[in-house]
>>> print(open('final.txt').read())   # compact mmCIF, C-alpha atoms
# COMPACT_ATOMS: atom_id res chain seq x y z
CA VAL D 1 -61.05 -18.55 77.03
CA GLN D 2 -63.22 -17.87 80.11
CA ILE D 3 -63.12 -19.25 83.63
CA ARG D 4 -66.34 -20.17 85.52
CA ALA D 5 -66.21 -20.38 89.31
CA THR D 6 -69.02 -22.42 90.96
CA HIS D 7 -69.93 -22.10 94.64
CA VAL D 8 -70.89 -25.23 96.59
CA ARG D 9 -74.46 -23.87 96.78
CA GLY D 10 -74.61 -23.63 92.98
CA SER D 11 -74.06 -19.92 92.26
CA THR D 12 -71.54 -19.18 89.48
CA THR D 13 -69.33 -16.35 88.34
CA LEU D 14 -67.87 -16.10 84.83
CA SER D 15 -64.59 -14.30 84.17
CA GLY D 16 -63.94 -11.97 81.31
CA SER D 17 -62.81 -13.54 78.05
CA VAL D 18 -59.25 -13.75 76.73
CA THR D 19 -58.47 -14.46 73.09
CA LEU D 20 -55.58 -16.82 72.39
CA VAL D 21 -53.85 -16.84 69.02
CA GLY D 22 -51.99 -19.95 67.90
CA ASP D 23 -48.94 -18.55 66.04
CA THR D 24 -46.42 -20.94 64.53
CA THR D 25 -45.11 -18.63 61.78
CA ALA D 26 -41.45 -17.64 62.13
CA PRO D 27 -40.28 -14.04 61.65
CA THR D 28 -38.62 -13.17 58.36
CA PHE D 29 -36.02 -10.73 57.05
CA PRO D 30 -37.57 -8.89 54.05
CA THR D 31 -34.31 -6.96 53.84
CA ALA D 32 -31.30 -9.23 54.30
CA PRO D 33 -28.38 -8.08 56.45
CA GLY D 34 -26.13 -5.54 54.76
CA VAL D 35 -22.68 -4.41 55.90
CA GLN D 36 -21.00 -1.08 55.14
CA VAL D 37 -18.04 0.82 56.53
CA ARG D 38 -18.79 3.82 58.73
CA THR D 39 -16.86 6.78 60.06
CA GLY D 40 -14.78 6.26 63.19
CA THR D 41 -11.39 5.08 64.37
CA VAL D 42 -9.76 2.28 62.39
CA SER D 43 -7.14 -0.14 63.73
CA SER D 44 -5.23 -3.09 62.34
CA THR D 45 -7.73 -5.39 64.07
CA ALA D 46 -11.03 -3.49 63.78
CA VAL D 47 -12.80 -1.65 60.96
CA PRO D 48 -15.92 0.31 62.04
CA VAL D 49 -18.98 -0.99 60.19
CA THR D 50 -22.76 -0.63 60.25
CA VAL D 51 -24.98 -3.69 59.86
CA THR D 52 -28.45 -2.98 58.45
CA TRP D 53 -31.58 -5.15 58.14
CA LYS D 54 -35.37 -5.22 58.21
CA ALA D 55 -37.18 -7.92 60.18
CA ALA D 56 -40.92 -8.62 60.09
CA ASP D 57 -43.53 -10.98 61.56
CA ASN D 58 -47.10 -11.91 60.68
CA THR D 59 -48.31 -11.01 64.20
CA ALA D 60 -45.81 -9.05 66.29
CA LEU D 61 -42.03 -8.92 66.27
CA GLY D 62 -40.49 -9.15 69.73
CA LYS D 63 -36.75 -8.48 69.29
CA VAL D 64 -33.74 -8.98 67.04
CA MET D 65 -30.46 -10.41 68.31
CA ALA D 66 -27.03 -10.28 66.70
CA THR D 67 -25.09 -13.51 67.17
CA ALA D 68 -21.96 -12.76 65.10
CA PRO D 69 -19.39 -11.26 64.92
CA SER D 70 -20.47 -10.33 68.47
CA SER D 71 -23.67 -10.43 70.52
CA ALA D 72 -26.22 -7.65 70.93
CA THR D 73 -29.99 -7.34 71.45
CA PHE D 74 -32.27 -4.81 69.73
CA GLY D 75 -35.89 -3.75 69.98
CA PRO D 76 -38.36 -4.68 67.23
CA THR D 77 -38.11 -1.32 65.45
CA VAL D 78 -34.29 -1.13 65.32
CA THR D 79 -32.82 -1.69 61.84
CA SER D 80 -29.09 -0.95 62.20
CA TRP D 81 -26.13 -1.79 64.41
CA ALA D 82 -22.84 0.10 64.72
CA THR D 83 -20.10 -2.44 65.38
CA SER D 84 -16.67 -3.42 64.06
CA ALA D 85 -15.15 -6.27 62.06
CA LYS D 86 -11.71 -7.78 61.72
CA PRO D 87 -10.00 -6.81 58.45
CA GLY D 88 -8.47 -9.33 56.08
CA ALA D 89 -10.91 -12.16 56.81
CA SER D 90 -14.38 -13.23 55.72
CA ASP D 91 -16.58 -12.31 58.67
CA LEU D 92 -19.98 -13.78 59.46
CA PHE D 93 -22.70 -11.27 60.32
CA ALA D 94 -25.66 -13.18 61.74
CA LEU D 95 -29.04 -12.05 63.11
CA LYS D 96 -31.95 -13.86 64.75
CA ALA D 97 -35.47 -12.41 65.01
CA TYR D 98 -37.97 -13.44 67.72
CA ASP D 99 -41.72 -12.86 67.62
CA VAL D 100 -43.85 -12.44 70.75
CA ALA D 101 -44.94 -16.09 70.54
CA GLY D 102 -41.34 -17.29 70.69
CA ASN D 103 -40.89 -18.27 67.04
CA THR D 104 -37.47 -17.45 65.56
CA GLY D 105 -36.05 -16.77 62.13
CA GLY D 106 -32.46 -16.09 61.13
CA ALA D 107 -30.47 -14.37 58.42
CA SER D 108 -26.75 -14.00 57.83
CA VAL D 109 -24.15 -12.82 55.36
CA TYR D 110 -20.39 -13.13 54.96
CA ARG D 111 -18.45 -9.96 54.19
CA THR D 112 -14.71 -9.26 54.00
CA PRO D 113 -13.38 -5.91 55.30
CA ASN D 114 -9.96 -4.86 54.00
CA ILE D 115 -7.49 -2.08 54.71
CA ILE D 116 -5.59 -0.93 51.62
CA GLN D 117 -2.64 1.36 52.17
CA GLU D 118 -0.77 3.79 49.95
CA THR D 119 1.64 1.27 48.42
CA SER D 120 -1.28 0.20 46.21
CA THR D 121 -1.94 3.69 44.82
CA THR D 122 -1.26 5.88 41.81
CA ARG D 123 0.16 9.25 42.91
CA THR D 124 0.76 12.54 41.11
CA GLY D 125 2.51 15.61 42.49
CA THR D 126 4.60 15.69 45.65
CA TRP D 127 3.91 13.23 48.47
CA THR D 128 6.01 12.52 51.56
CA HIS D 129 6.32 9.10 53.17
CA LYS D 130 5.75 9.50 56.93
CA SER D 131 6.67 6.86 59.53
CA SER D 132 5.03 6.50 62.96
CA THR D 133 3.48 3.77 65.08
CA SER D 134 0.36 5.97 65.15
CA TYR D 135 -0.30 5.18 61.48
CA LEU D 136 -1.79 1.98 60.08
CA GLY D 137 1.08 -0.31 59.15
CA GLY D 138 3.51 2.21 60.63
CA TYR D 139 3.40 4.73 57.79
CA SER D 140 1.24 7.20 55.88
CA TYR D 141 1.59 9.73 53.04
CA GLY D 142 1.23 13.48 53.27
CA SER D 143 1.14 16.37 50.82
CA SER D 144 0.85 20.15 50.90
CA SER D 145 0.98 20.51 47.12
CA ALA D 146 -2.26 21.85 45.62
CA GLY D 147 -3.45 19.51 42.88
CA ALA D 148 -1.42 16.51 44.08
CA SER D 149 -3.52 13.36 43.86
CA ILE D 150 -3.57 9.81 45.16
CA SER D 151 -5.84 7.08 43.78
CA TRP D 152 -6.92 3.58 44.78
CA THR D 153 -8.63 1.12 42.46
CA PHE D 154 -10.49 -1.60 44.36
CA THR D 155 -13.36 -4.05 44.11
CA GLY D 156 -16.00 -3.71 46.79
CA ARG D 157 -19.44 -2.47 47.85
CA SER D 158 -18.36 0.08 50.48
CA VAL D 159 -15.31 2.28 51.03
CA ALA D 160 -13.97 4.67 53.66
CA TRP D 161 -11.08 7.12 53.34
CA ILE D 162 -8.77 7.02 56.38
CA VAL D 163 -6.79 10.10 57.44
CA SER D 164 -4.91 11.81 60.24
CA ARG D 165 -6.47 15.04 61.53
CA ALA D 166 -5.01 18.08 63.33
CA SER D 167 -5.61 21.81 63.73
CA THR D 168 -3.26 22.45 60.80
CA SER D 169 -4.87 19.93 58.44
CA GLY D 170 -6.31 21.16 55.15
CA GLN D 171 -8.99 20.12 52.69
CA ALA D 172 -9.24 17.52 49.95
CA TYR D 173 -11.46 16.93 46.93
CA ILE D 174 -12.87 13.40 46.62
CA TYR D 175 -13.51 11.83 43.22
CA VAL D 176 -15.31 8.52 42.72
CA ASP D 177 -14.98 6.82 39.33
CA GLY D 178 -13.83 10.09 37.78
CA THR D 179 -16.60 12.28 39.23
CA LYS D 180 -16.02 14.84 41.98
CA VAL D 181 -18.45 14.02 44.80
CA THR D 182 -17.45 16.25 47.72
CA THR D 183 -14.85 18.35 49.53
CA VAL D 184 -13.66 17.08 52.92
CA ASP D 185 -12.02 19.22 55.61
CA LEU D 186 -9.50 17.32 57.75
CA LYS D 187 -9.12 20.09 60.35
CA SER D 188 -9.66 19.02 63.96
CA SER D 189 -9.12 20.84 67.25
CA THR D 190 -7.35 17.73 68.57
CA THR D 191 -4.90 15.43 66.80
CA LEU D 192 -6.61 12.23 65.67
CA TYR D 193 -5.06 9.24 63.89
CA ARG D 194 -6.57 6.48 61.72
CA GLN D 195 -9.88 8.29 61.20
CA ALA D 196 -12.39 7.04 58.63
CA ILE D 197 -13.60 10.52 57.68
CA TRP D 198 -15.72 9.82 54.56
CA THR D 199 -17.62 6.77 53.29
CA LYS D 200 -19.61 5.62 50.27
CA THR D 201 -21.67 2.46 49.77
CA TRP D 202 -23.12 0.78 46.67
CA SER D 203 -25.86 -1.84 46.33
CA SER D 204 -23.45 -4.50 45.05
CA SER D 205 -19.73 -5.20 44.77
CA ALA D 206 -17.96 -3.76 41.73
CA LYS D 207 -14.67 -2.21 40.63
CA HIS D 208 -14.27 1.46 41.62
CA THR D 209 -11.59 4.15 41.73
CA LEU D 210 -11.28 6.59 44.62
CA LYS D 211 -9.09 9.66 44.00
CA ILE D 212 -8.08 12.25 46.59
CA VAL D 213 -6.84 15.67 45.40
CA VAL D 214 -5.12 18.18 47.68
CA VAL D 215 -6.96 21.52 47.72
CA GLY D 216 -4.01 23.51 49.08
CA THR D 217 -6.08 25.32 51.71
CA SER D 218 -4.66 28.76 52.56
CA GLY D 219 -2.67 28.66 55.80
CA ARG D 220 -3.11 24.91 56.26
CA PRO D 221 -2.50 23.11 52.96
CA ALA D 222 -1.28 19.76 54.36
CA ILE D 223 -3.28 16.53 54.37
CA THR D 224 -2.22 13.11 55.63
CA THR D 225 -3.81 9.98 54.17
CA ASP D 226 -3.62 6.62 55.93
CA GLY D 227 -5.26 4.34 53.39
CA ILE D 228 -8.80 3.16 52.71
CA ALA D 229 -11.08 0.53 54.22
CA THR D 230 -13.36 -1.51 51.96
CA ILE D 231 -16.08 -4.13 52.27
CA GLY D 232 -15.88 -6.83 49.63
>>> encode(input="final.txt", output="structure tokens")
Amino acid sequence: VQIRATHVRGSTTLSGSVTLVGDTTAPTFPTAPGVQVRTGTVSSTAVPVTVTWKAADNTALGKVMATAPSSATFGPTVTSWATSAKPGASDLFALKAYDVAGNTGGASVYRTPNIIQETSTTRTGTWTHKSSTSYLGGYSYGSSSAGASISWTFTGRSVAWIVSRASTSGQAYIYVDGTKVTTVDLKSSTTLYRQAIWTKTWSSSAKHTLKIVVVGTSGRPAITTDGIATIG
């Protein structure tokens, strides 16, 4: 497109040219939204989660907006969102992508976060039932016995182990489906409750077993477990 200005005496001036592109193609989501638990503070009403995605456009992506479970706006290169979800219900996670021409495309997924406490576990060794309003559901389990274990069997695609942390807290071995995957240290300079300290995510939902084994750390053997959070 160019503009020509004509003087009353007949002289003309031509502007520089501008190219216009007619774009009617909506953005897409080559990678659909995914939801996984993340580390952070857990409550009876909020499980920390990360939503991931990949949006694309044939010309130029402008932005991505989250519309559920809450609202947020992201730049075109952002591919993750740290938020939270209500446990015990199927939550909608919805995104809308905008290109620079104003076309939009959406993608969404339903996921169910859950908190599973120690009543649904298999325990070996010595464990103590501890009551406090600081714990999820008002209670937790603790052990200072090296080799004591606690196990959850669940069906899901993501899991987080929830603990209490203090300066006297010890270490624990983590086993997933019978294989030792890591050692976690619960020690913290400040006392912290309901902490998702470790997470693992799979590509699809399946049955898994998470086992925690007390290391019996010298001078600070005690650990306190406050359940697990899962994404179904």
>>> closest_residue(input="final.txt", among="D:Val47, D:Leu14, D:Ala68, D:Ala55", to="D:Thr230", atoms="all atoms listed in the file")
D:Val47
>>> residues_near_point(input="final.txt", point="(-12.5, 4.6, 44.8)", cutoff="10 Å", atoms="only C-alpha atoms", output="list in words")
Ser151, Trp152, Thr153, Phe154, Thr155, Gly156, Ser158, Val159, Ala160, Trp161, Ile174, Tyr175, Val176, Asp177, Gly178, Lys200, Lys207, His208, Thr209, Leu210, Lys211, Ile212, Ile228 and Thr230 of chain D
>>> residues_around(input="final.txt", residues="stretch 24-32 of chain D", least_positions_apart="4", cutoff="8 Å", atoms="only C-alpha atoms", output="PDB file with C-alpha atoms, in the frame of the given file")
ATOM      1  CA  TRP D  53     -31.580  -5.150  58.140  1.00  0.00           C
ATOM      2  CA  LYS D  54     -35.370  -5.220  58.210  1.00  0.00           C
ATOM      3  CA  ALA D  55     -37.180  -7.920  60.180  1.00  0.00           C
ATOM      4  CA  ALA D  56     -40.920  -8.620  60.090  1.00  0.00           C
ATOM      5  CA  ASP D  57     -43.530 -10.980  61.560  1.00  0.00           C
ATOM      6  CA  ASN D  58     -47.100 -11.910  60.680  1.00  0.00           C
ATOM      7  CA  LEU D  61     -42.030  -8.920  66.270  1.00  0.00           C
ATOM      8  CA  ALA D  97     -35.470 -12.410  65.010  1.00  0.00           C
ATOM      9  CA  TYR D  98     -37.970 -13.440  67.720  1.00  0.00           C
ATOM     10  CA  ASP D  99     -41.720 -12.860  67.620  1.00  0.00           C
ATOM     11  CA  ALA D 101     -44.940 -16.090  70.540  1.00  0.00           C
ATOM     12  CA  ASN D 103     -40.890 -18.270  67.040  1.00  0.00           C
ATOM     13  CA  THR D 104     -37.470 -17.450  65.560  1.00  0.00           C
ATOM     14  CA  GLY D 105     -36.050 -16.770  62.130  1.00  0.00           C
ATOM     15  CA  GLY D 106     -32.460 -16.090  61.130  1.00  0.00           C
ATOM     16  CA  ALA D 107     -30.470 -14.370  58.420  1.00  0.00           C
ATOM     17  CA  SER D 108     -26.750 -14.000  57.830  1.00  0.00           C
TER      18      SER D 108
END
>>> closest_residue(input="final.txt", among="D:Lys96, D:Ala196, D:Ser134, D:Ser143", to="D:Phe74", atoms="only C-alpha atoms")
D:Lys96
>>> axis_aligned_box(input="final.txt", around="stretch 125-136 of chain D", padding_each_side="8 Å", output="lines of an AutoDock Vina configuration file")
center_x = 2.4
center_y = 8.8
center_z = 53.8
size_x = 24.5
size_y = 29.7
size_z = 38.7
>>> closest_atom_pairs(input="final.txt", of="stretch 95-159 of chain D", to="stretch 76-90 of chain D", cutoff="8 Å", atoms="only C-alpha atoms", output="JSON lines")
{"residue": "D:Tyr110", "atom": "CA", "partner": "D:Ser90", "partner_atom": "CA", "distance": 6.1}
{"residue": "D:Arg111", "atom": "CA", "partner": "D:Ser90", "partner_atom": "CA", "distance": 5.4}
{"residue": "D:Thr112", "atom": "CA", "partner": "D:Ser90", "partner_atom": "CA", "distance": 4.3}
{"residue": "D:Pro113", "atom": "CA", "partner": "D:Pro87", "partner_atom": "CA", "distance": 4.7}
{"residue": "D:Asn114", "atom": "CA", "partner": "D:Pro87", "partner_atom": "CA", "distance": 4.9}
{"residue": "D:Ile115", "atom": "CA", "partner": "D:Pro87", "partner_atom": "CA", "distance": 6.5}
>>> closest_residue(input="final.txt", among="D:Ser144, D:Thr128, D:Thr183, D:Thr199", to="D:Pro221", atoms="all atoms listed in the file")
D:Ser144
>>> closest_residue(input="final.txt", among="D:Ser131, D:Thr201, D:Thr225, D:Thr217", to="D:Ile150", atoms="only C-alpha atoms")
D:Thr225
>>> closest_residue(input="final.txt", among="D:Ile162, D:Thr182, D:Ile223, D:Phe93", to="D:Ala148", atoms="only C-alpha atoms")
D:Ile223
